[in-house]
Structures are given as C-alpha cells and as structure tokens.
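Okay, entry-v2.cif is below, mmCIF, C-alpha atoms:
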```cif
data_query
loop_
_atom_site.label_atom_id
_atom_site.label_comp_id
_atom_site.auth_asym_id
_atom_site.auth_seq_id
_atom_site.Cartn_x
_atom_site.Cartn_y
_atom_site.Cartn_z
CA MET K 759 44.95 71.43 -40.07
CA LYS K 760 43.19 68.35 -41.39
CA ARG K 761 45.52 66.19 -39.35
CA LEU K 762 44.68 68.14 -36.17
CA ILE K 763 40.95 67.73 -36.79
CA LEU K 764 41.32 63.99 -37.24
CA SER K 765 43.41 63.77 -34.10
CA ALA K 766 40.81 65.72 -32.11
CA MET K 767 38.07 63.45 -33.37
CA ALA K 768 40.04 60.39 -32.36
CA VAL K 769 40.52 61.80 -28.88
CA SER K 770 36.79 62.55 -28.61
CA LEU K 771 35.85 59.03 -29.66
CA ALA K 772 38.28 57.58 -27.16
CA VAL K 773 36.78 59.70 -24.37
CA VAL K 774 33.25 58.54 -25.31
CA ALA K 775 34.33 54.91 -25.45
CA THR K 776 36.05 55.23 -22.06
CA ALA K 777 32.95 56.83 -20.60
CA GLN K 778 30.81 53.99 -21.92
CA GLU K 779 33.16 51.38 -20.49
CA LYS K 780 33.00 53.00 -17.05
CA LYS K 781 29.21 53.33 -16.93
CA GLU K 782 27.88 51.60 -13.84
CA TYR K 783 24.50 49.88 -13.51
CA PRO K 784 22.55 49.00 -10.36
CA GLN K 785 23.67 45.76 -8.74
CA PRO K 786 21.22 43.09 -7.45
CA GLU K 787 20.10 43.81 -3.94
CA ARG K 788 22.18 42.03 -1.38
CA MET K 789 20.37 38.94 -0.09
CA ARG K 790 19.21 38.87 3.50
CA PRO K 791 17.95 35.78 5.38
CA GLY K 792 14.41 37.15 5.63
CA MET K 793 14.06 37.34 1.84
CA THR K 794 13.62 33.54 1.65
CA GLU K 795 11.61 32.98 4.82
CA PHE K 796 7.83 32.47 4.71
CA TRP K 797 5.56 32.47 7.74
CA THR K 798 2.18 31.78 6.20
CA PRO K 799 0.19 29.68 5.74
CA GLN K 800 1.06 27.83 8.92
CA PRO K 801 0.62 23.99 8.68
CA LYS K 802 -2.27 22.66 10.72
CA VAL K 803 -1.33 21.19 14.07
CA VAL K 804 -1.77 17.41 14.23
CA THR K 805 -1.24 15.65 17.55
CA PRO K 806 0.51 12.32 17.03
CA GLY K 807 -0.99 9.18 18.48
CA ASP K 808 0.18 7.90 21.83
CA GLN K 809 2.78 5.17 21.26
CA ALA K 810 1.93 3.47 24.54
CA THR K 811 -1.72 3.03 23.60
CA ALA K 812 -1.25 2.93 19.80
CA SER K 813 -3.89 5.62 19.41
CA ALA K 814 -4.50 7.41 16.10
CA PRO K 815 -3.36 10.95 15.22
CA SER K 816 -5.79 13.71 16.10
CA ASP K 817 -6.98 14.25 12.50
CA ALA K 818 -7.31 10.59 11.58
CA ILE K 819 -10.51 8.74 10.74
CA VAL K 820 -10.50 5.67 12.97
CA LEU K 821 -11.62 2.60 11.04
CA PHE K 822 -11.13 0.12 13.87
CA ASP K 823 -10.29 0.81 17.51
CA GLY K 824 -10.92 -2.62 18.96
CA LYS K 825 -14.65 -2.21 19.59
CA ASN K 826 -16.73 -2.87 16.48
CA LEU K 827 -16.86 -2.89 12.67
CA ASP K 828 -19.30 0.01 12.34
CA ALA K 829 -16.97 1.73 9.83
CA TRP K 830 -17.14 -1.33 7.55
CA VAL K 831 -19.73 -3.13 5.44
CA SER K 832 -19.91 -6.42 3.59
CA SER K 833 -18.56 -6.09 0.05
CA ASN K 834 -21.09 -8.70 -1.09
CA THR K 835 -24.29 -7.35 0.43
CA GLY K 836 -23.58 -3.80 1.57
CA GLY K 837 -24.93 -4.82 4.96
CA ALA K 838 -23.08 -5.18 8.25
CA ALA K 839 -19.52 -6.50 8.16
CA GLU K 840 -19.68 -9.91 9.82
CA TRP K 841 -16.07 -10.73 10.55
CA ARG K 842 -15.47 -11.76 14.16
CA VAL K 843 -14.56 -9.03 16.67
CA HIS K 844 -12.85 -10.30 19.83
CA ASP K 845 -10.23 -9.22 22.36
CA GLY K 846 -9.71 -5.84 20.70
CA VAL K 847 -9.05 -7.31 17.23
CA PHE K 848 -11.10 -8.71 14.38
CA THR K 849 -10.50 -11.91 12.45
CA VAL K 850 -11.34 -12.74 8.84
CA ASP K 851 -14.42 -14.92 8.39
CA LYS K 852 -13.84 -16.63 5.07
CA SER K 853 -17.47 -17.65 4.80
CA LYS K 854 -18.62 -14.01 4.76
CA GLY K 855 -16.51 -12.58 1.92
CA ASP K 856 -14.62 -9.29 1.77
CA ILE K 857 -15.38 -6.19 3.83
CA GLN K 858 -14.87 -2.54 2.87
CA THR K 859 -15.15 0.89 4.42
CA ARG K 860 -18.49 2.68 4.42
CA GLU K 861 -16.69 5.87 3.39
CA ASN K 862 -14.96 6.40 0.06
CA PHE K 863 -11.49 7.90 -0.11
CA GLY K 864 -9.12 9.50 -2.60
CA SER K 865 -5.49 9.98 -1.56
CA TYR K 866 -4.54 9.04 1.97
CA GLN K 867 -2.14 7.78 4.61
CA LEU K 868 -3.33 4.39 5.88
CA HIS K 869 -2.18 2.58 9.01
CA LEU K 870 -3.20 -0.98 9.77
CA GLU K 871 -1.81 -3.84 11.83
CA TRP K 872 -2.27 -7.52 11.01
CA MET K 873 -1.18 -10.83 12.46
CA VAL K 874 -0.74 -14.29 11.02
CA PRO K 875 -1.85 -16.86 13.62
CA GLU K 876 0.81 -18.84 15.39
CA GLY K 877 0.96 -22.42 14.11
CA ILE K 878 -0.42 -21.51 10.68
CA THR K 879 -0.22 -24.22 8.01
CA GLY K 880 0.05 -24.12 4.22
CA GLU K 881 2.66 -22.77 1.84
CA SER K 882 3.18 -20.21 -0.92
CA GLN K 883 -0.08 -18.29 -1.55
CA ALA K 884 -2.09 -20.70 0.62
CA ARG K 885 -0.71 -19.33 3.88
CA GLY K 886 -2.33 -16.36 5.62
CA ASN K 887 -3.43 -14.80 2.35
CA SER K 888 -5.39 -11.53 2.39
CA GLY K 889 -4.98 -8.09 0.89
CA VAL K 890 -5.85 -4.43 1.28
CA PHE K 891 -7.31 -2.73 -1.80
CA MET K 892 -6.83 0.98 -2.53
CA GLN K 893 -10.08 2.51 -3.84
CA ASN K 894 -11.41 -1.03 -4.32
CA MET K 895 -9.07 -1.37 -7.33
CA TYR K 896 -5.43 -1.89 -6.44
CA GLU K 897 -4.30 -4.63 -4.04
CA ILE K 898 -1.38 -4.46 -1.65
CA GLN K 899 -0.71 -8.10 -0.83
CA ILE K 900 -0.98 -9.44 2.71
CA LEU K 901 0.56 -12.88 3.10
CA ASP K 902 2.69 -14.89 5.51
CA CYS K 903 6.09 -14.72 3.85
CA TYR K 904 8.01 -15.62 7.02
CA GLN K 905 10.18 -18.52 5.82
CA ASN K 906 7.58 -19.11 3.11
CA GLU K 907 8.56 -18.53 -0.51
CA THR K 908 6.11 -17.63 -3.27
CA TYR K 909 6.23 -15.79 -6.61
CA VAL K 910 7.96 -12.56 -5.69
CA ASN K 911 5.52 -10.17 -7.38
CA GLY K 912 2.82 -11.69 -5.18
CA GLN K 913 4.59 -11.66 -1.84
CA THR K 914 3.92 -9.45 1.17
CA GLY K 915 3.84 -5.75 0.29
CA SER K 916 3.68 -6.13 -3.48
CA VAL K 917 1.20 -4.33 -5.65
CA TYR K 918 -0.20 -7.71 -6.60
CA LYS K 919 1.54 -9.13 -9.69
CA GLN K 920 3.03 -5.74 -10.63
CA VAL K 921 6.18 -5.24 -8.60
CA VAL K 922 8.66 -7.06 -6.38
CA PRO K 923 9.00 -5.50 -2.91
CA LEU K 924 12.39 -4.12 -1.91
CA ALA K 925 12.56 -6.38 1.16
CA ASN K 926 10.90 -9.19 3.08
CA ALA K 927 10.16 -7.58 6.47
CA MET K 928 7.85 -10.24 7.92
CA ARG K 929 7.61 -10.97 11.61
CA LYS K 930 7.01 -14.58 12.53
CA PRO K 931 3.46 -15.92 12.99
CA GLY K 932 1.92 -14.85 16.26
CA GLU K 933 3.55 -11.37 16.10
CA TRP K 934 1.90 -8.21 14.78
CA ASN K 935 2.95 -6.67 11.46
CA VAL K 936 2.42 -2.95 10.79
CA TYR K 937 1.61 -1.44 7.41
CA ASP K 938 1.93 2.30 6.78
CA ILE K 939 0.76 3.09 3.26
CA ILE K 940 0.88 6.41 1.39
CA TYR K 941 -1.49 6.27 -1.55
CA ASN K 942 -1.96 8.93 -4.24
CA ALA K 943 -5.16 8.53 -6.24
CA PRO K 944 -5.08 8.72 -10.06
CA VAL K 945 -6.35 11.51 -12.29
CA PHE K 946 -8.07 10.48 -15.53
CA ASN K 947 -8.34 11.99 -18.98
CA GLU K 948 -11.80 12.31 -20.52
CA ASP K 949 -11.18 9.16 -22.59
CA GLY K 950 -10.58 7.11 -19.43
CA THR K 951 -6.80 6.86 -19.69
CA TYR K 952 -4.54 7.91 -16.86
CA LYS K 953 -3.56 11.56 -16.86
CA VAL K 954 -1.72 10.89 -13.61
CA HIS K 955 -1.12 7.29 -12.51
CA PRO K 956 -1.88 6.17 -8.97
CA THR K 957 1.23 5.74 -6.84
CA VAL K 958 1.90 4.02 -3.54
CA THR K 959 4.57 3.81 -0.85
CA VAL K 960 4.42 0.82 1.49
CA ILE K 961 6.32 0.58 4.77
CA GLN K 962 6.15 -2.65 6.77
CA ASN K 963 7.47 -2.74 10.32
CA GLY K 964 9.47 0.44 9.67
CA ILE K 965 11.05 -0.93 6.47
CA VAL K 966 10.30 0.51 3.01
CA LEU K 967 8.90 -2.16 0.69
CA LEU K 968 7.70 0.14 -2.11
CA ASN K 969 8.96 3.67 -2.70
CA ASN K 970 6.45 5.78 -4.65
CA PHE K 971 5.67 2.93 -7.05
CA THR K 972 3.60 3.81 -10.12
CA ILE K 973 0.59 1.49 -10.21
CA LEU K 974 -0.03 0.24 -13.74
CA GLY K 975 -3.73 -0.50 -13.38
CA THR K 976 -6.03 -2.97 -11.67
CA THR K 977 -4.40 -5.91 -9.90
CA GLU K 978 -5.59 -8.97 -11.80
CA TYR K 979 -5.19 -12.60 -10.76
CA ILE K 980 -5.29 -13.64 -14.41
CA GLY K 981 -4.20 -11.26 -17.15
CA LEU K 982 -2.57 -7.86 -17.35
CA PRO K 983 -3.49 -4.69 -15.45
CA ARG K 984 -6.50 -2.80 -16.81
CA VAL K 985 -7.14 0.93 -16.69
CA VAL K 986 -10.64 1.51 -15.31
CA LYS K 987 -11.79 5.09 -14.81
CA HIS K 988 -13.07 5.66 -11.28
CA GLY K 989 -13.52 8.21 -8.54
CA ASP K 990 -13.06 7.90 -4.80
CA GLY K 991 -13.54 4.37 -3.53
CA PRO K 992 -13.55 2.27 -0.38
CA ILE K 993 -10.64 0.55 1.31
CA ARG K 994 -11.32 -3.18 1.01
CA LEU K 995 -9.95 -6.09 3.04
CA GLN K 996 -9.85 -9.45 1.32
CA SER K 997 -11.29 -12.74 2.53
CA HIS K 998 -9.08 -15.07 0.53
CA GLY K 999 -10.30 -18.57 -0.27
CA ASP K 1000 -7.16 -20.44 0.71
CA PRO K 1001 -7.59 -23.17 3.39
CA SER K 1002 -5.08 -21.76 5.91
CA GLU K 1003 -6.07 -20.31 9.25
CA PRO K 1004 -7.48 -16.73 8.98
CA ILE K 1005 -5.47 -13.66 9.95
CA SER K 1006 -6.50 -10.86 12.32
CA PHE K 1007 -6.41 -7.05 12.19
CA ARG K 1008 -6.28 -4.22 14.72
CA ASN K 1009 -5.62 -0.47 15.03
CA ILE K 1010 -6.70 0.78 11.60
CA TRP K 1011 -6.90 4.49 10.77
CA VAL K 1012 -6.64 6.74 7.74
CA ARG K 1013 -5.69 10.38 7.14
CA LYS K 1014 -6.97 12.07 4.00
CA LEU K 1015 -4.30 13.80 1.92
#
```
What is this file in structure tokens?
Amino acid sequence: MKRLILSAMAVSLAVVATAQEKKEYPQPERMRPGMTEFWTPQPKVVTPGDQATASAPSDAIVLFDGKNLDAWVSSNTGGAAEWRVHDGVFTVDKSKGDIQTRENFGSYQLHLEWMVPEGITGESQARGNSGVFMQNMYEIQILDCYQNETYVNGQTGSVYKQVVPLANAMRKPGEWNVYDIIYNAPVFNEDGTYKVHPTVTVIQNGIVLLNNFTILGTTEYIGLPRVVKHGDGPIRLQSHGDPSEPISFRNIWVRKL
C-alpha cells in the first residue's frame, strides 16, 4: 500500500511539472512598420538659396549681400565698419582694424566667401592673412596656402595653432574660396571651466578640413589656449598686419542653430 501511495505521488508531481513546463506566456506584439514612424513635430521648411545668384537660405541672417556693411561695426571703436565696399564685395582695410557683427551669436552655420588677390606677394603667414573668429574667441585661419607653405597648425582652415587641417583645398589667387562652418558654442560650469567644449566643422570649397573638432580654448598667437567663460559673441573678421595685399569677402550669411 505504501508503495502505491508513493507511486501515485510521483505521478502527481510529474503531471504538475509537465503542466508547468507547458505553461504559455504572452508573446511580444508583432512589430508593424507604423510602430517606429513619427509624424510630428514636422521640421520647419527652409528654402535653399538660389545657386545661380548665390542667395542665402530663407531663414538665414544676411551679413553681407554686396551692398553695405550695416551688419558690421569696427572692433576698435564700435562705430561703423570702414572696410572698402566695391563691386559687390568688400576688401580689408588694414589701417582700420578688425570688424565684427553687430549681433551676437551662439551656435550657428556660417557661410562666407573670400578671395586672395591675383598677383599677391609674400610667403608663409605674410601672404593674404586674415581670420574669422567664432564668438570673438576662436579663430579659423584664412590665409593664402596655394603653393605657399607655413606651419601646418596655422594654415588655411586650422583652428589657429590647435589643429592641422585634413587637406589643403585652396584655389589659386584671383579665384573665390568658400567656407561653410558649423560651430557649436560651449557650455560652462559655474567655476568657468568647460562643461561642454566648443566644436567646429570647417568645409572649404566642398572639402572637409575639420570634422567636429573640439576647440581647446582661445586661439593665442603666443602661449597655450586659455579657457575664458563667455556667452554669445560676435563673428569677427581679422585685419592682419602683414604687408601683403588685402583679401576680399562676399556673400556672407549665418543660420542660428
């Protein structure tokens, strides 16, 4: 009798175990295409500029359209920018110092075109030297590096003295060069250190020179980069003191990011 009871218990346990093994749970819902498709918010519509006329995108702030320098001021005096406007372009006046935008900016997409004059003289850094400063702090070098060697962390497209560009994409003097710059402004900690470093991508004539480079600090002529806490700042164009013939600019616009 005892043996029969034990046998019955064994059978019962086996049945329970089998039932537990066969228990079925809900399966994940079968994926459908619509489950991963989002329709809002829709991106804003931006009309690209006309390639034939080199016009700016519809949401851009035009900084120079060939007419005047009303969007710019003298970096020295804060008064009118006195570089020479002529024939739809403007040319650096080295006697007047740097110019900068009236408006301050944070992160942005910047487009500007610049030309080294045909027949320019000089060599290394003394040849068509200028620069465009992000937030008045960080310089992207402008220089005639067409068949003109210089220290590579100071050549065209470098974050001055911080990085060597990935390529030399210069057109020869007398031809227009195009910069398209994507700049991300820094975020600072309360103690003035970088919480998020500024970064920059530089494309010259359709060729990537810098790809999301992390800017280390201010671009110093002498010494190492410094971290200086700041907010939005102007875009500044440099009037360099070298003796070579001055360069010209045209078609400058910016899109806030």
Identify all residues satisfying the PyMOL selection byres ((chain K and resi 908) around 12) in the given file; provide them as a PyMOL selection string. chain K and resi 880-885+887+899+901-907+909-914+916+919+922+926
Within 10 Å of Lys854 in chain K using all atoms listed in the file, minus same-chain residues under 6 positions, as a count of residues only: 8
Spell out the residues picked by the PyMOL selection byres ((chain K and resi 964-975) around 8) here, as a list in words. Tyr896, Gly915, Ser916, Val917, Gln920, Pro923, Leu924, Ala925, Asn926, Ala927, Val936, His955, Pro956, Thr957, Val958, Thr959, Val960, Ile961, Gln962, Asn963, Thr976, Thr977, Pro983, Arg984, Val985 and Val986 of chain K
Within 12 Å of Gly991 in chain K using all atoms listed in the file, minus same-chain residues under 5 positions, as a PyMOL selection string: chain K and resi 858-866+891-896+943-944
Gap from CA of Trp872 in chain K to CA of Phe1007 in chain K - Å, one decimal: 4.3 Å
K:Ser1006, K:Gln867, K:Thr794, K:Ser888: which is nearest Ala818 in chain K, counting all atoms listed in the file?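 Closest residue, counting all atoms listed in the file: K:Gln867.
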Spell out the residues picked by the PyMOL selection byres ((chain K and resi 931) around 10) here, as JSON, numbers by chain. {"K": [873, 874, 875, 876, 877, 878, 886, 902, 903, 904, 928, 929, 930, 932, 933, 934, 935, 1005]}
For Lys802 in chain K, the nearest of the candidates K:Asn942, K:Lys1014, K:Asp817, K:Phe848, counting only C-alpha atoms: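 Of the candidates, the smallest distance to Lys802 in chain K is held by K:Asp817.
The closest residue to Ile898 in chain K, picked from K:Val850, K:Val843, K:Leu995, K:Phe822 and counting only C-alpha atoms, is K:Leu995.
Going from CA of Glu897 in chain K to CA of Gly807 in chain K covers 26.6 Å.
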Separation of CA of Glu978 in chain K from CA of Tyr918 in chain K in Å: 7.6 Å
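In this comparison, which uses only C-alpha atoms, the residue of K:Val921, K:Ile980, K:Val890, K:Ile900 approaching Ile993 in chain K most closely is K:Val890.
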Taking the point (-9.4, 6.3, 12.6) as given in the file, collect each protein or nucleic acid residue that comes within 6 Å of it, counting all atoms listed in the file, and present the set as a ChimeraX atom specification. /K:818-821,1011-1012
Find, counting all atoms listed in the file, the residue in K:Lys825, K:Asp856, K:Val831, K:Pro806 that gets nearest to His844 in chain K.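 Of the candidates, the smallest distance to His844 in chain K is held by K:Lys825.
Of the residues under consideration (K:Arg1008, K:Leu868, K:Ala812, K:Tyr783), K:Leu868 shows the shortest atom-to-atom contact distance to Ile940 in chain K when counting only C-alpha atoms.
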